[in-house]
Structures are given as structure tokens and as C-alpha cells.
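File shown here: start.cif, holding mmCIF, C-alpha atoms.
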data_start
loop_
_atom_site.label_atom_id
_atom_site.label_comp_id
_atom_site.auth_asym_id
_atom_site.auth_seq_id
_atom_site.Cartn_x
_atom_site.Cartn_y
_atom_site.Cartn_z
CA MET A 20 0.00 0.00 0.00
CA HIS A 21 1.33 3.45 -0.95
CA ASP A 22 -0.75 5.46 1.55
CA TYR A 23 -0.91 5.54 5.32
CA GLN A 24 -2.54 7.80 7.92
CA ILE A 25 -1.58 8.33 11.51
CA GLN A 26 -3.28 10.47 14.11
CA LEU A 27 -0.86 12.47 16.23
CA ASP A 28 -2.76 13.48 19.38
CA SER A 29 -0.03 15.61 20.97
CA LEU A 30 3.37 17.18 20.46
CA PHE A 31 4.79 14.14 22.25
CA GLU A 32 3.29 11.82 19.60
CA THR A 33 4.48 14.12 16.83
CA ARG A 34 7.99 13.96 18.30
CA ARG A 35 7.83 10.15 18.48
CA PHE A 36 6.72 10.00 14.85
CA ALA A 37 9.57 12.34 13.88
CA GLN A 38 12.07 10.20 15.79
CA SER A 39 10.86 7.12 13.93
CA LEU A 40 11.17 8.96 10.64
CA ALA A 41 14.70 10.12 11.49
CA ALA A 42 15.75 6.63 12.57
CA THR A 43 14.51 4.89 9.42
CA VAL A 44 15.13 7.34 6.56
CA GLU A 45 17.75 6.36 3.99
CA LEU A 46 19.55 9.01 2.00
CA PRO A 47 18.97 10.67 -0.29
CA MET A 48 15.32 11.34 0.56
CA VAL A 49 12.91 14.13 -0.22
CA ILE A 50 9.98 14.65 2.11
CA ALA A 51 7.33 16.91 0.63
CA LEU A 52 5.19 18.62 3.28
CA SER A 53 1.78 20.14 2.79
CA GLY A 54 -0.93 21.51 5.00
CA THR A 55 -2.46 24.82 5.96
CA LEU A 56 -0.58 27.60 7.70
CA GLY A 57 0.06 26.46 11.27
CA ALA A 58 -0.52 22.78 10.48
CA GLY A 59 2.81 21.78 12.03
CA LYS A 60 5.11 21.40 9.02
CA THR A 61 8.04 23.29 10.53
CA GLN A 62 7.49 21.64 13.91
CA LEU A 63 7.77 18.21 12.31
CA VAL A 64 11.03 19.25 10.59
CA ARG A 65 12.31 20.60 13.92
CA PHE A 66 11.62 17.29 15.67
CA VAL A 67 13.27 15.25 12.90
CA ALA A 68 16.29 17.56 12.88
CA GLN A 69 16.60 17.32 16.68
CA SER A 70 16.63 13.54 16.35
CA LEU A 71 19.56 13.98 13.95
CA ASP A 72 21.61 16.14 16.34
CA VAL A 73 20.50 19.62 15.24
CA ALA A 74 19.70 22.08 18.05
CA ALA A 75 15.97 22.91 18.13
CA GLU A 76 16.59 26.66 18.04
CA GLU A 77 18.45 26.30 14.73
CA VAL A 78 15.34 25.01 12.97
CA THR A 79 13.15 27.88 11.85
CA SER A 80 10.61 28.34 9.12
CA PRO A 81 12.29 29.14 5.81
CA THR A 82 9.27 31.12 4.59
CA TYR A 83 11.26 34.33 4.07
CA VAL A 84 14.74 32.94 3.45
CA LEU A 85 13.35 30.11 1.26
CA LEU A 86 16.07 27.60 2.24
CA GLN A 87 17.60 26.61 5.56
CA ARG A 88 20.59 24.27 5.87
CA TYR A 89 21.21 22.25 9.00
CA ALA A 90 24.32 20.27 9.88
CA GLY A 91 23.37 17.24 11.90
CA ARG A 92 24.41 13.63 11.45
CA TYR A 93 24.10 14.40 7.76
CA PRO A 94 23.02 17.42 5.69
CA ILE A 95 19.41 18.51 5.98
CA TYR A 96 17.90 21.03 3.56
CA HIS A 97 14.62 22.73 4.43
CA PHE A 98 12.85 24.56 1.60
CA ASP A 99 9.65 26.57 1.66
CA PHE A 100 7.87 27.16 -1.67
CA TYR A 101 5.09 29.30 -0.16
CA ARG A 102 6.34 32.67 -1.43
CA LEU A 103 7.67 31.40 -4.75
CA GLU A 104 5.71 32.20 -7.89
CA SER A 105 7.29 29.95 -10.51
CA ALA A 106 9.27 26.79 -10.97
CA ALA A 107 12.10 28.95 -12.35
CA GLU A 108 12.48 30.47 -8.88
CA VAL A 109 12.84 26.98 -7.41
CA TRP A 110 15.55 26.12 -9.93
CA ASP A 111 17.29 29.44 -9.16
CA LEU A 112 17.65 28.28 -5.55
CA GLY A 113 19.87 25.44 -6.79
CA ILE A 114 17.55 22.62 -5.84
CA ASP A 115 18.85 20.46 -8.70
CA GLU A 116 22.39 20.52 -7.24
CA LEU A 117 21.12 19.76 -3.75
CA LEU A 118 19.06 16.82 -5.02
CA GLU A 119 22.30 15.19 -6.19
CA GLN A 120 23.68 15.11 -2.63
CA SER A 121 23.26 12.37 -0.07
CA ALA A 122 21.00 14.45 2.15
CA LEU A 123 17.56 14.69 3.68
CA MET A 124 15.43 17.38 2.08
CA PHE A 125 12.18 18.77 3.43
CA VAL A 126 10.01 20.94 1.18
CA GLU A 127 7.13 22.88 2.70
CA TRP A 128 4.31 23.79 0.29
CA ALA A 129 5.76 21.22 -2.12
CA GLU A 130 2.43 20.92 -3.93
CA LYS A 131 3.07 24.29 -5.61
CA PHE A 132 5.91 22.96 -7.81
CA PRO A 133 5.95 19.15 -7.76
CA GLU A 134 7.71 19.17 -11.12
CA CYS A 135 10.84 20.45 -9.34
CA LEU A 136 11.04 17.40 -7.08
CA PRO A 137 12.15 13.85 -7.82
CA SER A 138 9.42 11.36 -8.62
CA ASP A 139 10.54 9.20 -5.67
CA ARG A 140 9.50 11.13 -2.55
CA LEU A 141 7.45 10.81 0.59
CA LEU A 142 4.51 13.18 0.81
CA ILE A 143 3.26 14.11 4.27
CA ARG A 144 0.09 16.16 4.58
CA LEU A 145 -0.61 17.52 8.06
CA GLU A 146 -4.13 18.55 9.00
CA PRO A 147 -5.31 19.88 12.37
CA ILE A 148 -8.10 17.77 13.87
CA GLU A 149 -10.88 19.04 16.11
CA SER A 150 -10.10 17.72 19.59
CA ALA A 151 -9.46 18.79 23.14
CA SER A 152 -5.80 19.27 22.21
CA GLU A 153 -4.68 22.09 19.92
CA GLN A 154 -1.79 19.86 18.91
CA CYS A 155 -3.86 17.04 17.39
CA ARG A 156 -2.97 16.37 13.75
CA LEU A 157 -3.74 13.82 11.08
CA ALA A 158 -0.64 12.92 9.09
CA SER A 159 -1.39 11.42 5.67
CA LEU A 160 1.65 9.79 4.08
CA THR A 161 1.97 8.88 0.42
CA ALA A 162 4.96 7.19 -1.19
CA THR A 163 5.58 7.96 -4.86
CA GLY A 164 8.58 5.75 -5.60
CA PRO A 165 10.49 2.68 -4.43
CA ARG A 166 12.72 4.38 -1.82
CA ALA A 167 9.77 6.28 -0.34
CA LEU A 168 7.67 3.12 -0.39
CA ALA A 169 10.36 1.24 1.56
CA LEU A 170 10.43 4.06 4.12
CA LEU A 171 6.65 4.08 4.38
CA SER A 172 6.58 0.30 4.89
CA ILE A 173 8.97 0.62 7.81
CA LEU A 174 7.01 3.49 9.34
CA ARG A 175 3.77 1.50 9.09
CA GLU A 176 5.33 -1.28 11.15
CA LEU A 177 6.53 1.01 13.95
#
Transcribe the structure of this file into C-alpha cells.
Amino acid sequence: MHDYQIQLDSLFETRRFAQSLAATVELPMVIALSGTLGAGKTQLVRFVAQSLDVAAEEVTSPTYVLLQRYAGRYPIYHFDFYRLESAAEVWDLGIDELLEQSALMFVEWAEKFPECLPSDRLLIRLEPIESASEQCRLASLTATGPRALALLSILREL
């Protein structure tokens, strides 16, 4: 199965999910993130990065700078396509060169320019859920290639 959903009822559960993701990802990997403003995209990246030895305060939303680079156990690139208006702007950021590296890449608002991403990627859509907790999210995961499918299979088992 190429799709999987998991309900994250708290920040603690989101952190556990992020730790599982960090522990099982094989490089190179692109994780395309989507969801409304405030859905938790940057928070998920922060938790994954922390699990890979990046200080939490280093991980900030790249909305205005467009690309953040983090040095953890291995390179992590964190893009945000929200303010971009064309695929040409994505290419101008040098994404093609970064995709050739053995790194973990997160792309917020990836749905705006999917043609700029490799066909093999893991899509994670985060959606707030009505509940007693403001931190409750539904994470919908979709694998679009063999490497992403292998990662999704492992995550389903955890």
C-alpha cells in the first residue's frame, strides 16, 4: 500500500513519529510537506532535525529565506515554496544541485511545484483535527517511488 494515515494526538506523539522517521530514513530522501498555515510542518522538521543532532533553536521556518541548511548527522535542507511564484524560482535556488547530494530534504508547500522534485519522494500532509488538544494532527503519508515506499513500509510497522 502506498498510503498511510496516523493520528498524532499531541506534540509528544508528533515527536515520536519524527524520531521514527529520522531513525529509518535512507539518503537521499525528499519529504514533501503540505498543510495549511500552522498545520505543524516546521514543527515536524524541527523534531526530525533534533533527532539527527540539530539544536531545536536552529530550525526555523524558511518562509522568508526560502532555504535553511542544517548540519546534523548528515546534511538537511529545508525549503519553503510558499512565497515562490514559478518553478524557475525553485531552480534558481539550486535545488537540482542539492538533489544530487546524499542528504535529507524537506520541502514545505511542495504541492506548488511538484515538477521540481524527484518522482521518488514521501509526501506528508498535516491537518489539524478538532479535539481537546490544539496539537492534534492527522498525518497522511503517500509514497511515490520505491525508496519512499520502503520508508513508508517501515514506518507502518513502527
request  = Write out as a ChimeraX atom specification the residues lying within 12 Å of Arg102 of chain A, counting all atoms listed in the file and excluding same-chain residues fewer than 2 positions away.
outcome  = /A:81-86,98-100,104-106,108-109,127-129,131-132
query = Which residues come within 6 Å of segment 44-61 of chain A, counting all atoms listed in the file, excluding same-chain residues fewer than 4 positions away, as a PyMOL selection string?
reply = chain A and resi 40+80+121-129+140-147
Please tabulate, as JSON lines, the residues of segment 63-128 of chain A that come within 9 Å of segment 21-38 of chain A, each with its closest pair of atoms and the distance in Å to one decimal, counting all atoms listed in the file and ordering rows by chain, then residue number upward.
{"residue": "A:Leu63", "atom": "CA", "partner": "A:Ala37", "partner_atom": "CA", "distance": 6.3}
{"residue": "A:Val64", "atom": "CA", "partner": "A:Ala37", "partner_atom": "CA", "distance": 7.8}
{"residue": "A:Arg65", "atom": "CA", "partner": "A:Ala37", "partner_atom": "CA", "distance": 8.7}
{"residue": "A:Phe66", "atom": "CA", "partner": "A:Arg34", "partner_atom": "CA", "distance": 5.6}
{"residue": "A:Val67", "atom": "CA", "partner": "A:Ala37", "partner_atom": "CA", "distance": 4.8}
{"residue": "A:Ala68", "atom": "CA", "partner": "A:Ala37", "partner_atom": "CA", "distance": 8.6}
{"residue": "A:Gln69", "atom": "CA", "partner": "A:Gln38", "partner_atom": "CA", "distance": 8.5}
{"residue": "A:Ser70", "atom": "CA", "partner": "A:Gln38", "partner_atom": "CA", "distance": 5.7}
{"residue": "A:Leu71", "atom": "CA", "partner": "A:Gln38", "partner_atom": "CA", "distance": 8.6}
query = Can you tell me how far atom CA of Glu119 of chain A sits from atom CA of Gly91 of chain A, in Å to one decimal?
reply = 18.2 Å
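Across the structure, atom CA of Ala41 of chain A and atom CA of Ala169 of chain A are spaced 14.0 Å apart.
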message = I'd like to see the residues matched by the PyMOL selection byres ((chain A and resi 137) around 10) on this file, and ideally I'd get them as an MDAnalysis selection string.
response = chainID A and resid 48:49 115 118 133:136 138:140 163:164
Based on the selection just made, write C-alpha atoms of those residues as a short mmCIF file (atom, residue, chain, number, x, y, z; two decimals), in the coordinates of the input.
data_model
loop_
_atom_site.label_atom_id
_atom_site.label_comp_id
_atom_site.auth_asym_id
_atom_site.auth_seq_id
_atom_site.Cartn_x
_atom_site.Cartn_y
_atom_site.Cartn_z
CA MET A 48 15.32 11.34 0.56
CA VAL A 49 12.91 14.13 -0.22
CA ASP A 115 18.85 20.46 -8.70
CA LEU A 118 19.06 16.82 -5.02
CA PRO A 133 5.95 19.15 -7.76
CA GLU A 134 7.71 19.17 -11.12
CA CYS A 135 10.84 20.45 -9.34
CA LEU A 136 11.04 17.40 -7.08
CA SER A 138 9.42 11.36 -8.62
CA ASP A 139 10.54 9.20 -5.67
CA ARG A 140 9.50 11.13 -2.55
CA THR A 163 5.58 7.96 -4.86
CA GLY A 164 8.58 5.75 -5.60
#
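The spacing separating atom CA of Glu76 of chain A from atom CA of Ala42 of chain A amounts to 20.8 Å.
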Resolved residues for the PyMOL selection byres ((chain A and resi 92) around 9) as a compact mmCIF listing (two decimals) with C-alpha atoms, in the coordinates of the input:
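Output saved as part22.txt:
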# COMPACT_ATOMS: atom_id res chain seq x y z
CA LEU A 71 19.56 13.98 13.95
CA ASP A 72 21.61 16.14 16.34
CA VAL A 73 20.50 19.62 15.24
CA ALA A 90 24.32 20.27 9.88
CA GLY A 91 23.37 17.24 11.90
CA TYR A 93 24.10 14.40 7.76
CA PRO A 94 23.02 17.42 5.69
CA ILE A 95 19.41 18.51 5.98
Centre and size of axis-aligned box enclosing segment 142-156 of chain A plus 6 Å each side, as AutoDock Vina command-line options:
--center_x -3.2 --center_y 17.6 --center_z 12.0 --size_x 27.4 --size_y 20.9 --size_z 34.3
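Nearest to Ser172 of chain A of all the residues A:Tyr101, A:Leu117, A:Ser159, A:Thr43 is A:Thr43, based on only C-alpha atoms.
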